[in-house]
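Containing mmCIF, C-alpha atoms (C1' of nucleotides): run.cif.
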data_my_file
#
loop_
_atom_site.label_atom_id
_atom_site.label_comp_id
_atom_site.auth_asym_id
_atom_site.auth_seq_id
_atom_site.Cartn_x
_atom_site.Cartn_y
_atom_site.Cartn_z
CA MET A 1 -15.04 16.25 42.63
CA ASN A 2 -13.53 14.53 39.61
CA ALA A 3 -12.71 17.59 37.58
CA ALA A 4 -9.12 16.40 37.77
CA ALA A 5 -10.08 13.00 36.38
CA ASP A 6 -12.03 14.66 33.56
CA GLU A 7 -9.02 16.74 32.72
CA GLN A 8 -6.80 13.67 32.64
CA LEU A 9 -9.24 11.89 30.39
CA LYS A 10 -9.40 14.82 28.03
CA GLN A 11 -5.62 14.79 27.81
CA ALA A 12 -5.52 11.08 27.14
CA ARG A 13 -8.13 11.35 24.40
CA ASP A 14 -6.36 14.32 22.83
CA GLU A 15 -3.18 12.31 22.79
CA PHE A 16 -4.92 9.38 21.16
CA VAL A 17 -6.62 11.57 18.56
CA ALA A 18 -3.39 13.35 17.67
CA GLN A 19 -1.32 10.20 17.43
CA TRP A 20 -3.93 8.22 15.56
CA GLY A 21 -4.12 11.06 13.08
CA ALA A 22 -0.38 10.93 12.57
CA LEU A 23 -0.54 7.18 12.07
CA GLY A 24 -3.32 7.59 9.55
CA THR A 25 -0.97 9.60 7.37
CA GLN A 26 1.48 6.70 7.44
CA TRP A 27 -1.29 4.37 6.31
CA GLY A 28 -2.24 6.50 3.34
CA ILE A 29 -5.47 7.88 4.77
CA ASN A 30 -5.85 11.50 5.56
CA ARG A 31 -5.05 12.90 8.93
CA THR A 32 -8.42 14.47 9.62
CA MET A 33 -10.32 11.33 8.79
CA ALA A 34 -8.15 9.32 11.16
CA GLN A 35 -8.54 11.96 13.87
CA ILE A 36 -12.30 11.98 13.56
CA HIS A 37 -12.31 8.22 13.71
CA ALA A 38 -10.21 8.27 16.87
CA LEU A 39 -12.47 10.90 18.38
CA LEU A 40 -15.63 8.95 17.68
CA MET A 41 -14.18 5.63 18.78
CA THR A 42 -13.54 7.13 22.18
CA ALA A 43 -16.61 9.31 22.48
CA PRO A 44 -19.03 8.22 25.18
CA THR A 45 -21.97 9.37 23.03
CA PRO A 46 -22.63 10.11 19.35
CA GLN A 47 -21.25 13.49 18.29
CA SER A 48 -22.66 16.18 16.03
CA THR A 49 -20.76 17.83 13.20
CA ASP A 50 -20.39 20.95 15.33
CA GLU A 51 -18.92 19.04 18.22
CA VAL A 52 -16.39 17.42 15.91
CA MET A 53 -15.53 20.81 14.38
CA GLU A 54 -14.99 22.32 17.78
CA GLU A 55 -13.04 19.45 19.24
CA LEU A 56 -10.60 19.24 16.32
CA GLU A 57 -10.70 22.92 15.35
CA ILE A 58 -11.52 22.24 11.73
CA SER A 59 -13.93 23.78 9.25
CA ARG A 60 -17.45 22.61 8.66
CA GLY A 61 -16.66 21.45 5.13
CA ASN A 62 -13.73 19.40 6.30
CA ALA A 63 -15.67 17.83 9.14
CA HIS A 64 -18.61 17.06 6.90
CA THR A 65 -16.58 15.51 4.09
CA ASN A 66 -14.57 13.28 6.36
CA LEU A 67 -17.54 12.21 8.46
CA LYS A 68 -19.34 11.13 5.32
CA GLU A 69 -16.23 9.37 4.10
CA LEU A 70 -16.10 7.39 7.34
CA VAL A 71 -19.76 6.52 6.87
CA ALA A 72 -18.96 5.38 3.33
CA TRP A 73 -16.23 3.13 4.71
CA GLY A 74 -18.75 1.67 7.10
CA LEU A 75 -16.76 2.66 10.17
CA VAL A 76 -19.25 5.24 11.38
CA ARG A 77 -23.03 5.25 11.63
CA ILE A 78 -25.42 8.15 11.50
CA VAL A 79 -27.69 8.41 14.50
CA VAL A 80 -30.76 10.59 14.75
CA LYS A 81 -32.23 11.73 18.03
CA LYS A 82 -35.90 12.45 18.13
CA GLY A 83 -36.82 16.08 18.42
CA ASP A 84 -33.42 17.04 16.96
CA ARG A 85 -32.84 17.69 13.30
CA ARG A 86 -29.08 17.31 13.48
CA GLU A 87 -27.24 14.17 12.51
CA TYR A 88 -25.05 12.55 15.11
CA PHE A 89 -22.17 10.23 14.34
CA GLU A 90 -21.19 7.11 16.19
CA ALA A 91 -18.19 4.89 15.47
CA GLU A 92 -18.15 1.12 15.56
CA LYS A 93 -16.16 0.23 18.65
CA ASP A 94 -15.81 -3.51 18.31
CA VAL A 95 -12.26 -4.09 17.13
CA TRP A 96 -13.03 -7.21 15.14
CA LYS A 97 -15.82 -5.43 13.28
CA ILE A 98 -13.51 -2.51 12.61
CA PHE A 99 -10.92 -4.90 11.26
CA THR A 100 -13.26 -6.79 8.95
CA THR A 101 -14.73 -3.55 7.67
CA VAL A 102 -11.32 -2.13 6.87
CA ALA A 103 -10.23 -5.42 5.33
CA ARG A 104 -13.25 -5.52 3.04
CA GLU A 105 -12.83 -1.92 2.02
CA ARG A 106 -9.12 -2.22 1.36
CA LYS A 107 -9.69 -5.34 -0.67
CA ARG A 108 -12.17 -3.45 -2.79
CA ARG A 109 -9.92 -0.46 -3.22
CA GLU A 110 -6.50 -2.09 -3.42
CA ILE A 111 -6.72 -5.74 -4.35
CA ASP A 112 -9.54 -5.79 -6.88
CA PRO A 113 -8.11 -3.00 -9.07
CA ALA A 114 -4.72 -4.72 -9.00
CA LEU A 115 -6.35 -7.89 -10.25
CA ASP A 116 -7.89 -6.02 -13.13
CA VAL A 117 -4.54 -4.60 -14.14
CA LEU A 118 -2.78 -7.94 -13.92
CA ARG A 119 -5.44 -9.76 -15.90
CA LYS A 120 -5.33 -7.19 -18.62
CA CYS A 121 -1.54 -7.28 -18.83
CA ALA A 122 -1.52 -11.06 -18.86
CA GLU A 123 -4.06 -11.06 -21.64
CA ILE A 124 -2.30 -8.61 -23.91
CA SER A 125 1.02 -10.40 -23.45
CA GLU A 126 -0.19 -13.95 -23.81
CA GLU A 127 0.50 -14.18 -27.53
CA ILE A 128 3.97 -12.68 -27.59
CA ASP A 129 6.20 -15.42 -28.86
CA THR A 130 9.68 -14.41 -27.74
CA PRO A 131 11.65 -15.45 -24.63
CA ASP A 132 11.22 -12.03 -23.01
CA GLY A 133 7.56 -12.00 -23.93
CA LYS A 134 7.01 -15.37 -22.35
CA ALA A 135 8.86 -14.31 -19.22
CA PHE A 136 6.72 -11.20 -18.93
CA PHE A 137 3.54 -13.19 -19.36
CA GLU A 138 4.67 -15.69 -16.79
CA GLN A 139 5.42 -12.91 -14.30
CA MET A 140 1.98 -11.41 -14.83
CA ARG A 141 0.38 -14.80 -14.40
CA GLN A 142 2.16 -15.43 -11.12
CA LEU A 143 1.28 -12.04 -9.76
CA GLU A 144 -2.30 -12.54 -10.83
CA GLU A 145 -2.48 -15.92 -9.19
CA PHE A 146 -1.13 -14.58 -5.95
CA VAL A 147 -3.36 -11.54 -5.83
CA GLU A 148 -6.35 -13.71 -6.58
CA PHE A 149 -5.37 -15.89 -3.68
CA ALA A 150 -5.02 -12.83 -1.44
CA SER A 151 -8.43 -11.70 -2.56
CA LYS A 152 -10.04 -14.97 -1.53
CA MET A 153 -8.25 -14.95 1.79
CA ALA A 154 -9.46 -11.44 2.48
CA ASP A 155 -13.03 -12.50 1.75
CA ARG A 156 -12.72 -15.51 3.98
CA ILE A 157 -11.19 -13.77 6.91
CA SER A 158 -13.39 -10.73 6.79
CA GLY A 159 -16.42 -12.99 6.73
CA MET A 160 -15.38 -14.77 9.90
CA LYS A 161 -16.87 -14.29 13.29
CA HIS A 162 -14.45 -13.13 15.93
CA GLY A 163 -14.55 -16.37 17.85
CA PHE A 164 -13.77 -18.46 14.83
CA ALA A 165 -10.90 -16.23 13.79
CA LEU A 166 -9.42 -16.48 17.26
CA GLN A 167 -9.65 -20.22 17.19
CA MET A 168 -7.91 -20.38 13.86
CA ALA A 169 -5.28 -17.95 15.00
CA ALA A 170 -4.61 -19.97 18.11
CA LYS A 171 -3.73 -22.88 15.91
CA LEU A 172 -1.44 -20.69 13.88
CA LEU A 173 0.27 -19.03 16.78
CA GLY A 174 0.34 -21.86 19.26
CA MET B 175 11.72 -10.88 -37.61
CA ASN B 176 10.14 -10.32 -34.24
CA ALA B 177 10.29 -6.55 -34.24
CA ALA B 178 6.51 -6.66 -34.01
CA ALA B 179 6.65 -8.93 -30.97
CA ASP B 180 9.17 -6.64 -29.32
CA GLU B 181 6.90 -3.69 -29.93
CA GLN B 182 3.97 -5.57 -28.42
CA LEU B 183 6.01 -6.46 -25.37
CA LYS B 184 7.12 -2.90 -24.90
CA GLN B 185 3.49 -1.79 -24.99
CA ALA B 186 2.48 -4.43 -22.47
CA ARG B 187 5.27 -3.44 -20.11
CA ASP B 188 4.49 0.24 -20.45
CA GLU B 189 0.89 -0.51 -19.61
CA PHE B 190 1.92 -2.48 -16.56
CA VAL B 191 4.34 0.20 -15.37
CA ALA B 192 1.79 2.96 -15.79
CA GLN B 193 -1.03 1.09 -14.09
CA TRP B 194 1.12 -0.23 -11.27
CA GLY B 195 2.24 3.32 -10.65
CA ALA B 196 -1.34 4.49 -10.42
CA LEU B 197 -2.14 1.66 -8.02
CA GLY B 198 0.85 2.59 -5.89
CA THR B 199 -0.70 5.96 -5.24
CA GLN B 200 -3.83 4.22 -3.95
CA TRP B 201 -1.69 2.18 -1.60
CA GLY B 202 0.02 5.18 -0.11
CA ILE B 203 3.37 4.72 -1.82
CA ASN B 204 4.62 7.13 -4.37
CA ARG B 205 3.97 6.72 -8.01
CA THR B 206 7.57 6.74 -9.17
CA MET B 207 8.61 4.11 -6.67
CA ALA B 208 5.81 1.83 -7.80
CA GLN B 209 6.66 2.43 -11.45
CA ILE B 210 10.30 1.60 -10.92
CA HIS B 211 9.30 -1.50 -9.07
CA ALA B 212 7.05 -2.57 -11.94
CA LEU B 213 9.80 -1.82 -14.41
CA LEU B 214 12.37 -3.89 -12.57
CA MET B 215 10.01 -6.76 -11.86
CA THR B 216 9.52 -7.16 -15.57
CA ALA B 217 13.03 -6.37 -16.75
CA PRO B 218 14.87 -9.31 -18.29
CA THR B 219 18.15 -8.04 -16.85
CA PRO B 220 19.27 -5.69 -14.06
CA GLN B 221 18.92 -2.03 -15.03
CA SER B 222 21.17 0.95 -14.42
CA THR B 223 20.03 4.27 -13.03
CA ASP B 224 20.34 5.77 -16.50
CA GLU B 225 18.19 3.11 -18.05
CA VAL B 226 15.50 3.69 -15.45
CA MET B 227 15.72 7.45 -15.99
CA GLU B 228 15.33 7.06 -19.70
CA GLU B 229 12.56 4.49 -19.58
CA LEU B 230 10.39 6.50 -17.18
CA GLU B 231 11.55 9.95 -18.28
CA ILE B 232 12.45 11.07 -14.79
CA SER B 233 15.37 12.96 -13.31
CA ARG B 234 18.50 11.38 -11.93
CA GLY B 235 17.70 12.52 -8.40
CA ASN B 236 14.24 11.06 -8.52
CA ALA B 237 15.46 7.76 -9.96
CA HIS B 238 18.24 7.53 -7.43
CA THR B 239 16.10 8.29 -4.40
CA ASN B 240 13.40 5.83 -5.30
CA LEU B 241 15.81 3.08 -6.30
CA LYS B 242 17.49 3.37 -2.94
CA GLU B 243 14.13 3.42 -1.22
CA LEU B 244 13.22 0.15 -2.94
CA VAL B 245 16.54 -1.28 -1.81
CA ALA B 246 15.74 -0.13 1.74
CA TRP B 247 12.41 -1.95 1.52
CA GLY B 248 14.28 -5.07 0.45
CA LEU B 249 12.37 -5.34 -2.81
CA VAL B 250 15.36 -4.55 -5.00
CA ARG B 251 18.97 -5.69 -4.92
CA ILE B 252 22.06 -3.91 -6.16
CA VAL B 253 24.06 -5.89 -8.67
CA VAL B 254 27.58 -5.06 -9.80
CA LYS B 255 29.03 -6.26 -13.06
CA LYS B 256 32.75 -6.70 -13.22
CA GLY B 257 34.56 -4.17 -15.29
CA ASP B 258 31.68 -1.72 -14.81
CA ARG B 259 31.58 0.88 -12.11
CA ARG B 260 27.86 1.49 -12.34
CA GLU B 261 25.31 -0.07 -10.02
CA TYR B 262 22.58 -2.15 -11.55
CA PHE B 263 19.25 -2.84 -9.90
CA GLU B 264 17.33 -6.06 -9.91
CA ALA B 265 13.91 -6.70 -8.37
CA GLU B 266 12.87 -9.76 -6.47
CA LYS B 267 10.46 -11.59 -8.77
CA ASP B 268 9.18 -14.36 -6.55
CA VAL B 269 5.71 -13.27 -5.51
CA TRP B 270 5.77 -14.95 -2.13
CA LYS B 271 9.07 -13.28 -1.26
CA ILE B 272 7.68 -9.95 -2.41
CA PHE B 273 4.67 -10.50 -0.20
CA THR B 274 6.61 -11.45 2.92
CA THR B 275 8.97 -8.52 2.42
CA VAL B 276 6.13 -6.06 2.12
CA ALA B 277 4.34 -7.64 5.06
CA ARG B 278 7.39 -7.32 7.29
CA GLU B 279 8.02 -3.76 6.24
CA ARG B 280 4.43 -2.68 6.67
CA LYS B 281 4.30 -4.30 10.07
CA ARG B 282 7.35 -2.33 11.07
CA ARG B 283 6.02 0.93 9.70
CA GLU B 284 2.32 0.62 10.46
CA ILE B 285 1.62 -1.91 13.17
CA ASP B 286 4.50 -1.38 15.58
CA PRO B 287 4.04 2.40 15.86
CA ALA B 288 0.32 1.89 16.44
CA LEU B 289 1.13 -0.47 19.29
CA ASP B 290 3.33 2.15 20.88
CA VAL B 291 0.56 4.71 20.73
CA LEU B 292 -2.03 2.36 22.15
CA ARG B 293 0.19 1.21 24.98
CA LYS B 294 0.96 4.76 25.94
CA CYS B 295 -2.68 5.79 25.86
CA ALA B 296 -3.71 2.75 27.86
CA GLU B 297 -1.07 3.54 30.42
CA ILE B 298 -1.94 7.18 30.92
CA SER B 299 -5.63 6.37 31.20
CA GLU B 300 -5.39 3.37 33.48
CA GLU B 301 -5.83 5.32 36.68
CA ILE B 302 -8.76 7.48 35.68
CA ASP B 303 -11.53 6.52 38.03
CA THR B 304 -14.69 7.65 36.26
CA PRO B 305 -17.09 5.72 34.02
CA ASP B 306 -15.90 7.52 30.88
CA GLY B 307 -12.30 7.05 31.93
CA LYS B 308 -12.80 3.35 32.41
CA ALA B 309 -14.54 3.06 29.05
CA PHE B 310 -11.67 4.85 27.33
CA PHE B 311 -9.10 2.63 29.01
CA GLU B 312 -11.05 -0.45 28.02
CA GLN B 313 -11.22 0.69 24.40
CA MET B 314 -7.46 1.28 24.34
CA ARG B 315 -6.87 -2.11 25.88
CA GLN B 316 -9.00 -3.86 23.29
CA LEU B 317 -7.34 -2.06 20.42
CA GLU B 318 -3.95 -2.87 21.89
CA GLU B 319 -4.81 -6.50 22.28
CA PHE B 320 -6.00 -6.75 18.72
CA VAL B 321 -3.04 -4.95 17.19
CA GLU B 322 -0.69 -7.11 19.21
CA PHE B 323 -2.45 -10.14 17.80
CA ALA B 324 -2.13 -8.74 14.27
CA SER B 325 1.53 -8.15 14.90
CA LYS B 326 2.12 -11.75 15.87
CA MET B 327 0.15 -13.00 12.90
CA ALA B 328 2.20 -10.85 10.56
CA ASP B 329 5.39 -12.29 12.01
CA ARG B 330 4.12 -15.79 11.68
CA ILE B 331 2.87 -15.51 8.15
CA SER B 332 5.82 -13.57 6.82
CA GLY B 333 8.14 -16.17 8.30
CA MET B 334 6.41 -19.00 6.46
CA LYS B 335 7.71 -20.74 3.40
CA HIS B 336 5.46 -20.53 0.40
CA GLY B 337 4.55 -24.18 0.46
CA PHE B 338 3.48 -24.10 4.06
CA ALA B 339 1.40 -20.99 3.58
CA LEU B 340 -0.37 -22.59 0.65
CA GLN B 341 -1.13 -25.65 2.69
CA MET B 342 -2.60 -23.58 5.46
CA ALA B 343 -4.55 -21.50 3.02
CA ALA B 344 -5.98 -24.57 1.37
CA LYS B 345 -7.45 -25.56 4.71
CA LEU B 346 -8.92 -22.11 5.08
CA LEU B 347 -10.33 -21.81 1.62
CA GLY B 348 -11.29 -25.40 0.97
"C1'" DA C 349 47.86 13.65 -7.37
"C1'" DA C 350 44.81 14.62 -11.07
"C1'" DC C 351 41.13 13.24 -13.55
"C1'" DA C 352 36.88 10.88 -14.85
"C1'" DA C 353 32.77 8.53 -13.83
"C1'" DA C 354 29.39 7.51 -10.89
"C1'" DT C 355 26.60 8.42 -6.55
"C1'" DT C 356 24.41 11.34 -3.24
"C1'" DT C 357 22.35 15.41 -1.48
"C1'" DC C 358 19.36 19.21 -1.39
"C1'" DG C 359 17.12 23.97 -2.35
"C1'" DG C 360 13.52 25.49 -4.65
"C1'" DA C 361 9.79 24.40 -8.30
"C1'" DA C 362 5.92 21.78 -9.58
"C1'" DA C 363 2.24 18.78 -8.66
"C1'" DT C 364 -0.98 16.91 -5.67
"C1'" DT C 365 -3.76 16.68 -1.67
"C1'" DT C 366 -6.25 18.71 1.89
"C1'" DC C 367 -8.76 22.48 4.02
"C1'" DT C 368 -11.44 26.68 4.54
"C1'" DG C 369 -15.17 29.66 4.17
"C1'" DA C 370 -18.99 30.85 2.03
"C1'" DA C 371 -22.79 30.06 -0.92
"C1'" DA C 372 -26.29 26.90 -2.41
"C1'" DG C 373 -29.49 23.38 -1.38
"C1'" DA C 374 -32.64 20.47 1.53
"C1'" DA C 375 -35.74 19.58 5.39
"C1'" DC C 376 -38.85 21.06 8.51
"C1'" DG C 377 -42.00 23.88 11.33
"C1'" DA C 378 -44.87 27.82 11.94
"C1'" DT D 379 -45.09 30.34 1.87
"C1'" DC D 380 -41.48 32.07 4.64
"C1'" DG D 381 -37.90 31.69 7.82
"C1'" DT D 382 -34.84 28.74 10.36
"C1'" DT D 383 -31.68 25.12 10.87
"C1'" DC D 384 -28.85 21.83 9.17
"C1'" DT D 385 -26.41 19.61 5.16
"C1'" DT D 386 -23.84 19.65 0.97
"C1'" DT D 387 -20.88 21.43 -2.48
"C1'" DC D 388 -17.03 23.73 -4.34
"C1'" DA D 389 -13.58 27.42 -5.83
"C1'" DG D 390 -9.59 29.05 -4.33
"C1'" DA D 391 -5.97 28.95 -0.47
"C1'" DA D 392 -2.84 26.44 2.25
"C1'" DA D 393 -0.17 22.56 3.26
"C1'" DT D 394 2.20 18.65 1.94
"C1'" DT D 395 4.49 15.62 -1.13
"C1'" DT D 396 7.12 14.76 -5.00
"C1'" DC D 397 10.38 16.05 -8.42
"C1'" DC D 398 14.10 18.40 -11.02
"C1'" DG D 399 18.53 20.01 -11.81
"C1'" DA D 400 22.75 21.07 -10.44
"C1'" DA D 401 26.40 21.08 -7.13
"C1'" DA D 402 28.94 18.34 -3.85
"C1'" DT D 403 30.84 14.09 -2.67
"C1'" DT D 404 32.63 9.56 -3.29
"C1'" DT D 405 34.93 5.94 -5.85
"C1'" DG D 406 38.06 4.20 -8.85
"C1'" DT D 407 41.68 4.79 -12.68
"C1'" DT D 408 45.82 6.40 -14.70
#
Output the file's structure in the form of structure tokens.
Amino acid sequence: MNAAADEQLKQARDEFVAQWGALGTQWGINRTMAQIHALLMTAPTPQSTDEVMEELEISRGNAHTNLKELVAWGLVRIVVKKGDRREYFEAEKDVWKIFTTVARERKRREIDPALDVLRKCAEISEEIDTPDGKAFFEQMRQLEEFVEFASKMADRISGMKHGFALQMAAKLLG
Amino acid sequence: MNAAADEQLKQARDEFVAQWGALGTQWGINRTMAQIHALLMTAPTPQSTDEVMEELEISRGNAHTNLKELVAWGLVRIVVKKGDRREYFEAEKDVWKIFTTVARERKRREIDPALDVLRKCAEISEEIDTPDGKAFFEQMRQLEEFVEFASKMADRISGMKHGFALQMAAKLLG
DNA sequence: AACAAATTTCGGAAATTTCTGAAAGAACGA
DNA sequence: TCGTTCTTTCAGAAATTTCCGAAATTTGTT
């Protein structure tokens, strides 16, 4: 039978989960969350909290917190099976959807707060009537302008359908 | 006199440095590094290690390590003044250059390693001849394809001149 | 060479983040 | 209502990251 194949697959998935977790750290998201994401992206069926705990050898609290965090990001859905009170978790597998979701979320968490800071600093420095003051204001204004631009681009791109994005990219890369 | 204006400017800069530092944490880079970057981006002249230490109230070791890290990123240049043995540090202030530098560096640190992982996982799963094995391989392949695409886009965009990027963006946003 | 001034390194401390394990809180059925 | 099963929360422990301070090294001067 294909017990050998199953074993190989398990090894490959374990490798992916471990490495994806390590990458997650590099990206500023926590290892467990990245591991769970990798696990669910490659799971043939939705997984329960207990299955995730067992697979990754982590505590219930840890599994729970990170699963819910992934749900909050919009990368994972909760699935309920009838006749079963447990929640099961299923990851979005479409790469373009994953990308747009992450882009939207990172915009919200990284770009928007930066804009707030820059606007505030531009505002409080606008009136300073010295050369250094003007230079500071100008720097804030330029940063603000750029981040605003980035914000709009992020909205645009993450609103695109895959096909359209590809088409645009082809023009860019070709 | 403009002692009042100077005081206002100092407050505005301090605000920017503090907030930019806090944002840095969100972005997965360390607070001090982000603070130094903010400080240098808004400094009228290149600053010495001692000036940075004093301004941010941090140790010499910390200042040194993070200054050199910023230099390694390519966001800060070392400047030498004649008749002075000290090194001074000056940040790139052009927002487009900052952006392309960060884009290149993040590609190198985040995208390229992910590609390696995905290629390896695709390779070791290619031969697995079961439905789940094929599904796993296919998922790896799709992720790989997408990340490769992202990699090329990053190269393209970070190689652009500001004017050209704006032009392209106008088409996208307009 | 001897000294002074600056840079670099690094062991351990401090701060922050992440995780565990257990208790508390819901949801549901009997 | 009571018991069972699953979910959620959270205080303290563990792990990781960041930082300090001081010693070691390098660079340049006399």
Practice item. Residues of chain C no more than 9 Å from chain A, counting only C-alpha atoms (C1' of nucleotides): send them over as a PyMOL selection string. Key: chain C and resi 366-369+375-376
Practice item. Choose the residue, out of D:DT396, D:DT387, D:DT403, D:DT382, that has the smallest atom-to-atom separation from chain B; count only C-alpha atoms (C1' of nucleotides). Key: D:DT396
Point to revise | Residue list for chain D near chain B as a list of chain:residue names, 9 Å, all atoms listed in the file | key: D:DT396, D:DC397, D:DC398, D:DG399, D:DT405, D:DG406
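The list of residues with at least one atom within 8 Å of segment 36-50 of chain A, based on all atoms listed in the file and without residues fewer than 4 positions apart in the same chain, reads Arg13, Phe16, Val17, Trp20, Gly21, Thr32, Glu54, Leu56, Arg60, Ala63, His64, Asn66, Leu67, Leu70, Leu75, Val76, Val79, Arg86, Glu87, Tyr88, Phe89, Glu90, Ala91, Glu92 and Lys93 of chain A; Asp306, Ala309, Phe310 and Gln313 of chain B.
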Residues matched by the PyMOL selection byres ((chain A) within 8 of (chain B)) as a short mmCIF file (atom, residue, chain, number, x, y, z; two decimals) with C-alpha atoms, in the coordinates of the input:
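Once everything was written out, this is expr_13.cif:
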data_model
loop_
_atom_site.label_atom_id
_atom_site.label_comp_id
_atom_site.auth_asym_id
_atom_site.auth_seq_id
_atom_site.Cartn_x
_atom_site.Cartn_y
_atom_site.Cartn_z
CA ASN A 2 -13.53 14.53 39.61
CA ALA A 5 -10.08 13.00 36.38
CA ASP A 6 -12.03 14.66 33.56
CA GLN A 8 -6.80 13.67 32.64
CA LEU A 9 -9.24 11.89 30.39
CA ALA A 12 -5.52 11.08 27.14
CA ARG A 13 -8.13 11.35 24.40
CA GLU A 15 -3.18 12.31 22.79
CA PHE A 16 -4.92 9.38 21.16
CA GLN A 19 -1.32 10.20 17.43
CA TRP A 20 -3.93 8.22 15.56
CA LEU A 23 -0.54 7.18 12.07
CA GLN A 26 1.48 6.70 7.44
CA TRP A 27 -1.29 4.37 6.31
CA GLY A 28 -2.24 6.50 3.34
CA ILE A 29 -5.47 7.88 4.77
CA THR A 42 -13.54 7.13 22.18
CA PRO A 44 -19.03 8.22 25.18
CA LYS A 93 -16.16 0.23 18.65
CA VAL A 95 -12.26 -4.09 17.13
CA TRP A 96 -13.03 -7.21 15.14
CA ARG A 109 -9.92 -0.46 -3.22
CA GLU A 110 -6.50 -2.09 -3.42
CA PRO A 113 -8.11 -3.00 -9.07
CA ALA A 114 -4.72 -4.72 -9.00
CA VAL A 117 -4.54 -4.60 -14.14
CA LEU A 118 -2.78 -7.94 -13.92
CA CYS A 121 -1.54 -7.28 -18.83
CA ILE A 124 -2.30 -8.61 -23.91
CA SER A 125 1.02 -10.40 -23.45
CA ILE A 128 3.97 -12.68 -27.59
CA ASP A 129 6.20 -15.42 -28.86
CA THR A 130 9.68 -14.41 -27.74
CA ASP A 132 11.22 -12.03 -23.01
CA GLY A 133 7.56 -12.00 -23.93
CA ALA A 135 8.86 -14.31 -19.22
CA PHE A 136 6.72 -11.20 -18.93
CA GLN A 139 5.42 -12.91 -14.30
CA GLN A 142 2.16 -15.43 -11.12
CA LEU A 143 1.28 -12.04 -9.76
CA PHE A 146 -1.13 -14.58 -5.95
CA LYS A 152 -10.04 -14.97 -1.53
CA MET A 153 -8.25 -14.95 1.79
CA ARG A 156 -12.72 -15.51 3.98
CA ALA A 169 -5.28 -17.95 15.00
CA LEU A 172 -1.44 -20.69 13.88
CA LEU A 173 0.27 -19.03 16.78
#
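Atom CA of Ala208 of chain B sits 28.4 Å away from atom C1' of DA353 of chain C.
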Point to revise | Output check: residues returned by the PyMOL selection byres ((chain C and resi 378) around 10), as a ChimeraX atom specification | key: /C:376-377 /D:380-381
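Atom to atom, atom CA of Val254 of chain B and atom C1' of DT408 of chain D stand 22.1 Å apart.
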Practice item. Take the PyMOL selection byres ((chain C and resi 373) around 8), apply it to the structure above, and return the hits as a ChimeraX atom specification. Key: /C:372,374 /D:386
**Study point:** Best match for closeness to DA392 of chain D among C:DG359, C:DA349, C:DA354, C:DT365, counting all atoms listed in the file
**Key:** C:DT365
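Distance-wise, atom CA of Glu229 of chain B and atom CA of Gln209 of chain B end up 10.3 Å apart.
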Quick one: residues within 9 Å of Arg104 of chain A, only C-alpha atoms (C1' of nucleotides) counted, chain neighbours fewer than 6 positions away excluded, as a compact mmCIF listing (two decimals) with C-alpha atoms, in the frame of the given file?
# COMPACT_ATOMS: atom_id res chain seq x y z
CA ALA A 154 -9.46 -11.44 2.48
CA ASP A 155 -13.03 -12.50 1.75
CA SER A 158 -13.39 -10.73 6.79
CA GLY A 159 -16.42 -12.99 6.73
